[in-house]
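> This is the structure I want to talk about, given as structure tokens.
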Amino acid sequence: MAADYVSPFDERVRAAEPLAPRPASVQGQRVVLLDIRKNRGAEFLDRVESLLRAAGASPARFTKEIFSKPAALSLIDEIASSGGLVVEALAD
Amino acid sequence: MTDGSGSRSDGARGGGQAPELTVRGTGPAAPTIAGLTAGGGALLVFVSEHCPTSALALRRLGPLCQSWALAGLAAIAVFEDPLDVAIRTARRLGWTGQVAAQEPPYPASRTYQVATVPTTVLVGRDRLVAGTVTGWDQRALTGLLGEAGTLLGAELAAPPGADPLSKPGCSSKAAIDPDLAAAMSGLDGGDELEEMFERGWTDGLPVIPPTAERVAAMLGGRDGGATLGLVPPAMGEATLERVAACAVLAGCRPAYFPVVAAAARAVLDPAFNLHGQAVTTQPAGQLVVVNGPVREAIGLNSGMGALGPGFRANLTIGRAVRLLVTLTGGAMPGAMDRATLGHMGKLGFCVAEDEEVSPWEPLHVERGFEACQSVVTVIGSDAPLSISDHRSRTPEDLAYILAWAAASAWSTNWWPLAEPSVFVICPEHAQMFRGAGWTKDRLREFMFDAVHKPAGQLRRGETTPLVHAAAPDAQVPKWASPEAIVLLVAGGEAGRYSAVLGPCTGMGSQIVSREVT
């Protein structure tokens, strides 16, 4: 008989969320840029922000408490409720 | 065990009614053909974990599943393996579609007449089989996806035309002798220890299989369904039963479990920031320090070789905590655990303080507990650096040597460190401080004051914003405060070797303690 093991894994798989519809253009769109506070990340976002402005978007900057922790739920709620697009970027 | 088909077949299995799937899915309700085709169509990919061609199919098709789903085509990998093996294999290979599993005698494979894995079956909204491809055949699969696109009125991404364009599949377990299939499944008659590796229930070393009986014994009547919280980074739920499974895997005796559970509670405290520690490129592991009567009760070693091998309680308690992070939390080295080097303490690192030899109050008393309480304290820590000092004749000299050994902790010029450096003071060194009447605070203050440099000497390579901002002759200490110096006493009675463990830095990780209950 097969042994009856207790798995150390949490075998639940979260349903994959479908990707949100992609806009044809960022013209006139509010685009949130989240600075996770990784060293020199702000310099990178400065450049992204200027490119977005040149493309007619309205960038908005938010900042996490620290790069190594998940964003606070209040921050996620604030970003989610503010509408527009979000660019989520990872460190390194 | 391969077959040479690798080609498209629209014959007997094309055009007929798609049989219902008899599989176990990852959600509360089993996947059904009706549910899968509700968006317009379904792609059933029959695979097996042991089959290289199945792995190829999952890797090549996996990244496309999300875009297909947006167009209404649901892709599901139907494994001939246990569900946990299926989930992990799918994750590892980048499969982003749904996952299902079937156990012997593999009813789904049988009803779909799958003789070879992988076999890819396209089912339309009308629940008719629109086409089948066996083995890996990039051109045939591209054609099948073209048909799917026609059914859905959309253009679907096809797998890349990279070598190999075709590869024979492997025999489906449903197509071979049931006894042999059961043996191949690893669930019957196989090598139990090897099966643990196949399941991925390991840190790279052999483990004790967590049978229901062993886990029940580990739980000792506790409620296995009770939850201690979510384990980052994958946020797997740390039910007490899963913690017990990790303790069994690690080789713990049931008597150790209260310590393991307390350590699990401690590392899951958000203040500890396990999330950051588990995925960082830093080497940091989770140091578990045990104080109080439980040390003697379960045979934790705080004497000779206190940081090394030889003692089951120390080695397995630390290992159980790391297995919880690695397995339940999903921080597999090389996957979500991104440590550049890591260190051997990440296999498990549990130290008991020698309170009886120490001239000072033990760590848990410093942290507000009573001496009679048993307490686990967790600290994000680097590997130990040994500090030899057989020559100092004054406590000042010895404290100087100990403190300066940590000058390169984290990085040579990274001053000051806000996070804790843990000094394990050996008994002979401790005796010198006892003889001179030094308190713990006095030693800590002396060490803090001893290690400083002018900012101008620290401006080379990696250094801190504080160093850059300071005047060149401004003195910068190694630590941000004396409180960043943690002092423990442990080790053999002979030999003047203490050690320092550098910190996990830049994460805001705090030291956390929990009582053993």
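Each chain of the structure tokens is named A, B, ... in the order shown, its residues numbered from 1; ligands are numbered from 1 in display order.
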Give me, as a VMD selection string, the residues of chain B touching chain A, with the criterion being at most 7 Å (counting only C-alpha atoms).

chain B and resid 26 to 27 70 84 187 to 188 210 to 212 236 to 237 242 245 to 246 273 275 to 276 327 to 328 507

> Considering only C-alpha atoms, return as number ranges by chain whatever protein or nucleic-acid residues lie within 6 Å of stretch 43-59 of chain A, sequence-local ones (same chain, fewer than 6 positions apart) excluded.

A: 26-32

> Write the residues of the preceding selection, restricted to N, CA and C atoms, as a compact mmCIF listing (two decimals), in the first residue's frame.


```
# COMPACT_ATOMS: atom_id res chain seq x y z
N VAL A 26 -0.58 55.44 -23.64
CA VAL A 26 -0.54 56.00 -22.28
C VAL A 26 -0.92 57.48 -22.30
N GLN A 27 -1.21 58.01 -23.47
CA GLN A 27 -1.60 59.42 -23.61
C GLN A 27 -2.77 59.74 -22.67
N GLY A 28 -2.55 60.72 -21.82
CA GLY A 28 -3.61 61.15 -20.91
C GLY A 28 -3.87 60.22 -19.75
N GLN A 29 -3.11 59.15 -19.63
CA GLN A 29 -3.35 58.17 -18.57
C GLN A 29 -2.55 58.53 -17.32
N ARG A 30 -3.16 58.29 -16.18
CA ARG A 30 -2.42 58.40 -14.92
C ARG A 30 -1.64 57.09 -14.75
N VAL A 31 -0.34 57.18 -14.54
CA VAL A 31 0.50 55.99 -14.42
C VAL A 31 1.22 56.04 -13.07
N VAL A 32 0.94 55.08 -12.23
CA VAL A 32 1.57 55.03 -10.91
C VAL A 32 2.92 54.32 -11.02
```

> So how many Å separate atom CA of B:Ile485 and atom CA of B:Glu296, to one decimal?

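Between atom CA of B:Ile485 and atom CA of B:Glu296 the gap is 26.4 Å.
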
> Find the spatial neighbours of stretch 141-149 of chain B, counting only C-alpha atoms, within a cut-off of 12 Å - ignore same-chain residues fewer than 4 positions away - and output them as a PDB file with C-alpha atoms, in the first residue's frame.


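And here is the file that came out, out-v4.pdb:
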```pdb
ATOM      1  CA  GLY B   6       5.674  12.593 -32.135  1.00  0.00           C
ATOM      2  CA  SER B   7       3.064  13.397 -34.705  1.00  0.00           C
ATOM      3  CA  ARG B   8      -0.403  14.695 -35.107  1.00  0.00           C
ATOM      4  CA  SER B   9      -3.340  12.336 -35.057  1.00  0.00           C
ATOM      5  CA  ASP B  10      -6.882  13.386 -35.803  1.00  0.00           C
ATOM      6  CA  GLY B  14     -10.659  13.466 -33.257  1.00  0.00           C
ATOM      7  CA  THR B  37     -14.575  24.844 -22.318  1.00  0.00           C
ATOM      8  CA  GLY B  39     -14.664  30.280 -22.411  1.00  0.00           C
ATOM      9  CA  GLY B  40     -14.630  28.721 -25.862  1.00  0.00           C
ATOM     10  CA  GLY B  41     -12.234  25.802 -25.721  1.00  0.00           C
ATOM     11  CA  ALA B  42      -9.814  23.730 -23.682  1.00  0.00           C
ATOM     12  CA  LEU B  43      -6.361  22.335 -24.265  1.00  0.00           C
ATOM     13  CA  LEU B  44      -5.708  19.187 -22.230  1.00  0.00           C
ATOM     14  CA  VAL B  45      -2.015  18.392 -21.946  1.00  0.00           C
ATOM     15  CA  ALA B  57       6.018  20.541 -23.507  1.00  0.00           C
ATOM     16  CA  ARG B  60       7.430  25.516 -24.116  1.00  0.00           C
ATOM     17  CA  LEU B  61       3.656  25.800 -23.772  1.00  0.00           C
ATOM     18  CA  LEU B  64       1.578  30.907 -23.416  1.00  0.00           C
ATOM     19  CA  CYS B  65      -1.301  29.734 -21.230  1.00  0.00           C
ATOM     20  CA  SER B  67      -2.560  34.711 -23.272  1.00  0.00           C
ATOM     21  CA  TRP B  68      -4.667  31.754 -24.399  1.00  0.00           C
ATOM     22  CA  ALA B  69      -6.856  32.166 -21.338  1.00  0.00           C
ATOM     23  CA  ALA B  71      -8.742  34.529 -25.689  1.00  0.00           C
ATOM     24  CA  GLY B  72     -10.976  31.901 -24.074  1.00  0.00           C
ATOM     25  CA  LEU B  73      -8.783  28.812 -24.309  1.00  0.00           C
ATOM     26  CA  ALA B  74      -8.232  27.126 -20.931  1.00  0.00           C
ATOM     27  CA  ALA B  75      -5.061  25.056 -20.779  1.00  0.00           C
ATOM     28  CA  PRO B 118       2.726  14.330 -23.571  1.00  0.00           C
ATOM     29  CA  THR B 119      -0.522  14.117 -25.482  1.00  0.00           C
ATOM     30  CA  THR B 120      -2.273  17.391 -26.236  1.00  0.00           C
ATOM     31  CA  VAL B 121      -6.016  17.340 -26.860  1.00  0.00           C
ATOM     32  CA  LEU B 122      -8.042  20.282 -28.141  1.00  0.00           C
ATOM     33  CA  VAL B 123     -11.679  20.334 -27.060  1.00  0.00           C
ATOM     34  CA  GLY B 124     -14.159  22.864 -28.424  1.00  0.00           C
ATOM     35  CA  ARG B 125     -17.028  24.597 -26.696  1.00  0.00           C
ATOM     36  CA  VAL B 129     -12.397  16.675 -29.597  1.00  0.00           C
ATOM     37  CA  ALA B 130     -11.063  18.909 -32.359  1.00  0.00           C
ATOM     38  CA  GLY B 131      -7.594  17.423 -32.572  1.00  0.00           C
ATOM     39  CA  THR B 132      -4.824  15.591 -30.799  1.00  0.00           C
ATOM     40  CA  VAL B 133      -1.038  15.782 -30.900  1.00  0.00           C
ATOM     41  CA  THR B 134       1.169  13.121 -29.354  1.00  0.00           C
ATOM     42  CA  GLY B 135       4.707  13.691 -28.143  1.00  0.00           C
ATOM     43  CA  TRP B 136       6.376  17.030 -28.811  1.00  0.00           C
ATOM     44  CA  ASP B 137       5.695  18.209 -32.364  1.00  0.00           C
ATOM     45  CA  GLY B 153     -12.103  33.643 -33.563  1.00  0.00           C
ATOM     46  CA  ALA B 154      -8.755  34.763 -32.209  1.00  0.00           C
ATOM     47  CA  GLU B 155      -5.105  34.436 -33.043  1.00  0.00           C
ATOM     48  CA  LEU B 156      -3.330  32.283 -30.502  1.00  0.00           C
ATOM     49  CA  ALA B 157       0.359  32.323 -29.712  1.00  0.00           C
ATOM     50  CA  ALA B 158       2.173  29.198 -30.888  1.00  0.00           C
ATOM     51  CA  PRO B 159       5.230  27.595 -29.264  1.00  0.00           C
ATOM     52  CA  PRO B 160       8.573  28.891 -30.502  1.00  0.00           C
ATOM     53  CA  GLY B 161      10.168  27.106 -33.409  1.00  0.00           C
ATOM     54  CA  LEU B 165      11.014  20.722 -33.177  1.00  0.00           C
ATOM     55  CA  SER B 166       9.937  17.178 -32.437  1.00  0.00           C
TER      56      SER B 166
END
```

> Can you list, as a list in words, every residue of stretch 299-412 of chain B that DSSP puts in alpha helix (DSSP H)?

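Alpha helix (DSSP H) assignments inside stretch 299-412 of chain B correspond to Arg312, Ala313, Asn314, Leu315, Thr316, Ile317, Gly318, Arg319, Ala320, Val321, Arg322, Leu323, Leu363, His364, Val365, Glu366, Pro395, Glu396, Asp397, Leu398, Ala399, Tyr400, Ile401, Leu402, Ala403, Trp404 and Ala405 of chain B.
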
> With a distance cut-off of 8 Å and only C-alpha atoms, select the neighbouring residues of B:Asp203, excluding the residue or stretch itself and same-chain residues fewer than 4 positions from it, and output the selection as a PyMOL selection string.

chain B and resi 323+326+347

> Write the residues of the preceding selection, restricted to C-alpha atoms, as a compact mmCIF listing (two decimals), in the first residue's frame.


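Output file result.txt follows:
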```
# COMPACT_ATOMS: atom_id res chain seq x y z
CA LEU B 323 12.37 23.26 6.14
CA THR B 326 11.90 26.21 2.32
CA LEU B 347 20.48 24.02 6.69
```

> Would you return as JSON, numbers by chain the members of chain A that DSSP assigns to strand (DSSP E) on this structure's backbone?

{"A": [30, 31, 32, 33, 34, 35, 58, 59, 60, 61, 62, 63, 85, 86, 87]}

> Let's have the selection written as a PDB file, in the first residue's frame, with N, CA and C atoms.


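Saved result, selection-v1.pdb, follows:
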```pdb
ATOM      1  N   ARG A  30      -3.162  58.286 -16.182  1.00  0.00           N
ATOM      2  CA  ARG A  30      -2.424  58.400 -14.923  1.00  0.00           C
ATOM      3  C   ARG A  30      -1.640  57.090 -14.745  1.00  0.00           C
ATOM      4  N   VAL A  31      -0.345  57.184 -14.542  1.00  0.00           N
ATOM      5  CA  VAL A  31       0.501  55.989 -14.419  1.00  0.00           C
ATOM      6  C   VAL A  31       1.224  56.045 -13.073  1.00  0.00           C
ATOM      7  N   VAL A  32       0.938  55.080 -12.229  1.00  0.00           N
ATOM      8  CA  VAL A  32       1.571  55.029 -10.913  1.00  0.00           C
ATOM      9  C   VAL A  32       2.921  54.321 -11.017  1.00  0.00           C
ATOM     10  N   LEU A  33       3.930  54.929 -10.451  1.00  0.00           N
ATOM     11  CA  LEU A  33       5.261  54.308 -10.365  1.00  0.00           C
ATOM     12  C   LEU A  33       5.573  54.093  -8.891  1.00  0.00           C
ATOM     13  N   LEU A  34       5.843  52.860  -8.531  1.00  0.00           N
ATOM     14  CA  LEU A  34       6.092  52.541  -7.124  1.00  0.00           C
ATOM     15  C   LEU A  34       7.590  52.400  -6.878  1.00  0.00           C
ATOM     16  N   ASP A  35       8.117  53.297  -6.070  1.00  0.00           N
ATOM     17  CA  ASP A  35       9.528  53.250  -5.672  1.00  0.00           C
ATOM     18  C   ASP A  35       9.625  52.308  -4.476  1.00  0.00           C
ATOM     19  N   SER A  58       0.454  61.019 -17.197  1.00  0.00           N
ATOM     20  CA  SER A  58       0.583  61.779 -15.955  1.00  0.00           C
ATOM     21  C   SER A  58       1.101  60.837 -14.876  1.00  0.00           C
ATOM     22  N   PRO A  59       2.399  60.741 -14.715  1.00  0.00           N
ATOM     23  CA  PRO A  59       2.941  59.811 -13.726  1.00  0.00           C
ATOM     24  C   PRO A  59       2.661  60.270 -12.296  1.00  0.00           C
ATOM     25  N   ALA A  60       2.486  59.302 -11.412  1.00  0.00           N
ATOM     26  CA  ALA A  60       2.322  59.587  -9.981  1.00  0.00           C
ATOM     27  C   ALA A  60       3.247  58.647  -9.226  1.00  0.00           C
ATOM     28  N   ARG A  61       4.012  59.184  -8.301  1.00  0.00           N
ATOM     29  CA  ARG A  61       5.004  58.372  -7.584  1.00  0.00           C
ATOM     30  C   ARG A  61       4.491  57.985  -6.205  1.00  0.00           C
ATOM     31  N   PHE A  62       4.697  56.726  -5.862  1.00  0.00           N
ATOM     32  CA  PHE A  62       4.440  56.234  -4.508  1.00  0.00           C
ATOM     33  C   PHE A  62       5.711  55.549  -4.014  1.00  0.00           C
ATOM     34  N   THR A  63       5.825  55.421  -2.698  1.00  0.00           N
ATOM     35  CA  THR A  63       7.043  54.846  -2.131  1.00  0.00           C
ATOM     36  C   THR A  63       6.694  53.820  -1.056  1.00  0.00           C
ATOM     37  N   LEU A  85      -3.084  53.467 -14.538  1.00  0.00           N
ATOM     38  CA  LEU A  85      -2.200  52.328 -14.784  1.00  0.00           C
ATOM     39  C   LEU A  85      -1.137  52.248 -13.694  1.00  0.00           C
ATOM     40  N   VAL A  86      -0.611  51.057 -13.514  1.00  0.00           N
ATOM     41  CA  VAL A  86       0.461  50.861 -12.535  1.00  0.00           C
ATOM     42  C   VAL A  86       1.619  50.146 -13.211  1.00  0.00           C
ATOM     43  N   VAL A  87       2.799  50.654 -13.010  1.00  0.00           N
ATOM     44  CA  VAL A  87       3.994  49.929 -13.441  1.00  0.00           C
ATOM     45  C   VAL A  87       4.599  49.318 -12.192  1.00  0.00           C
TER      46      VAL A  87
END
```

> Which residues are near stretch 430-442 of chain B? Cut-off 8 Å, only C-alpha atoms, ignore same chain within fewer than 4 positions. Put them as a ChimeraX atom specification.

/B:358-361,394-395,425-426,446,487,489

> Give me the residues within 8 Å of B:Thr316 as a ChimeraX atom specification, counting only C-alpha atoms and dropping any in the same chain fewer than 2 places off.

/B:247,250-252,312-314,318-320,348
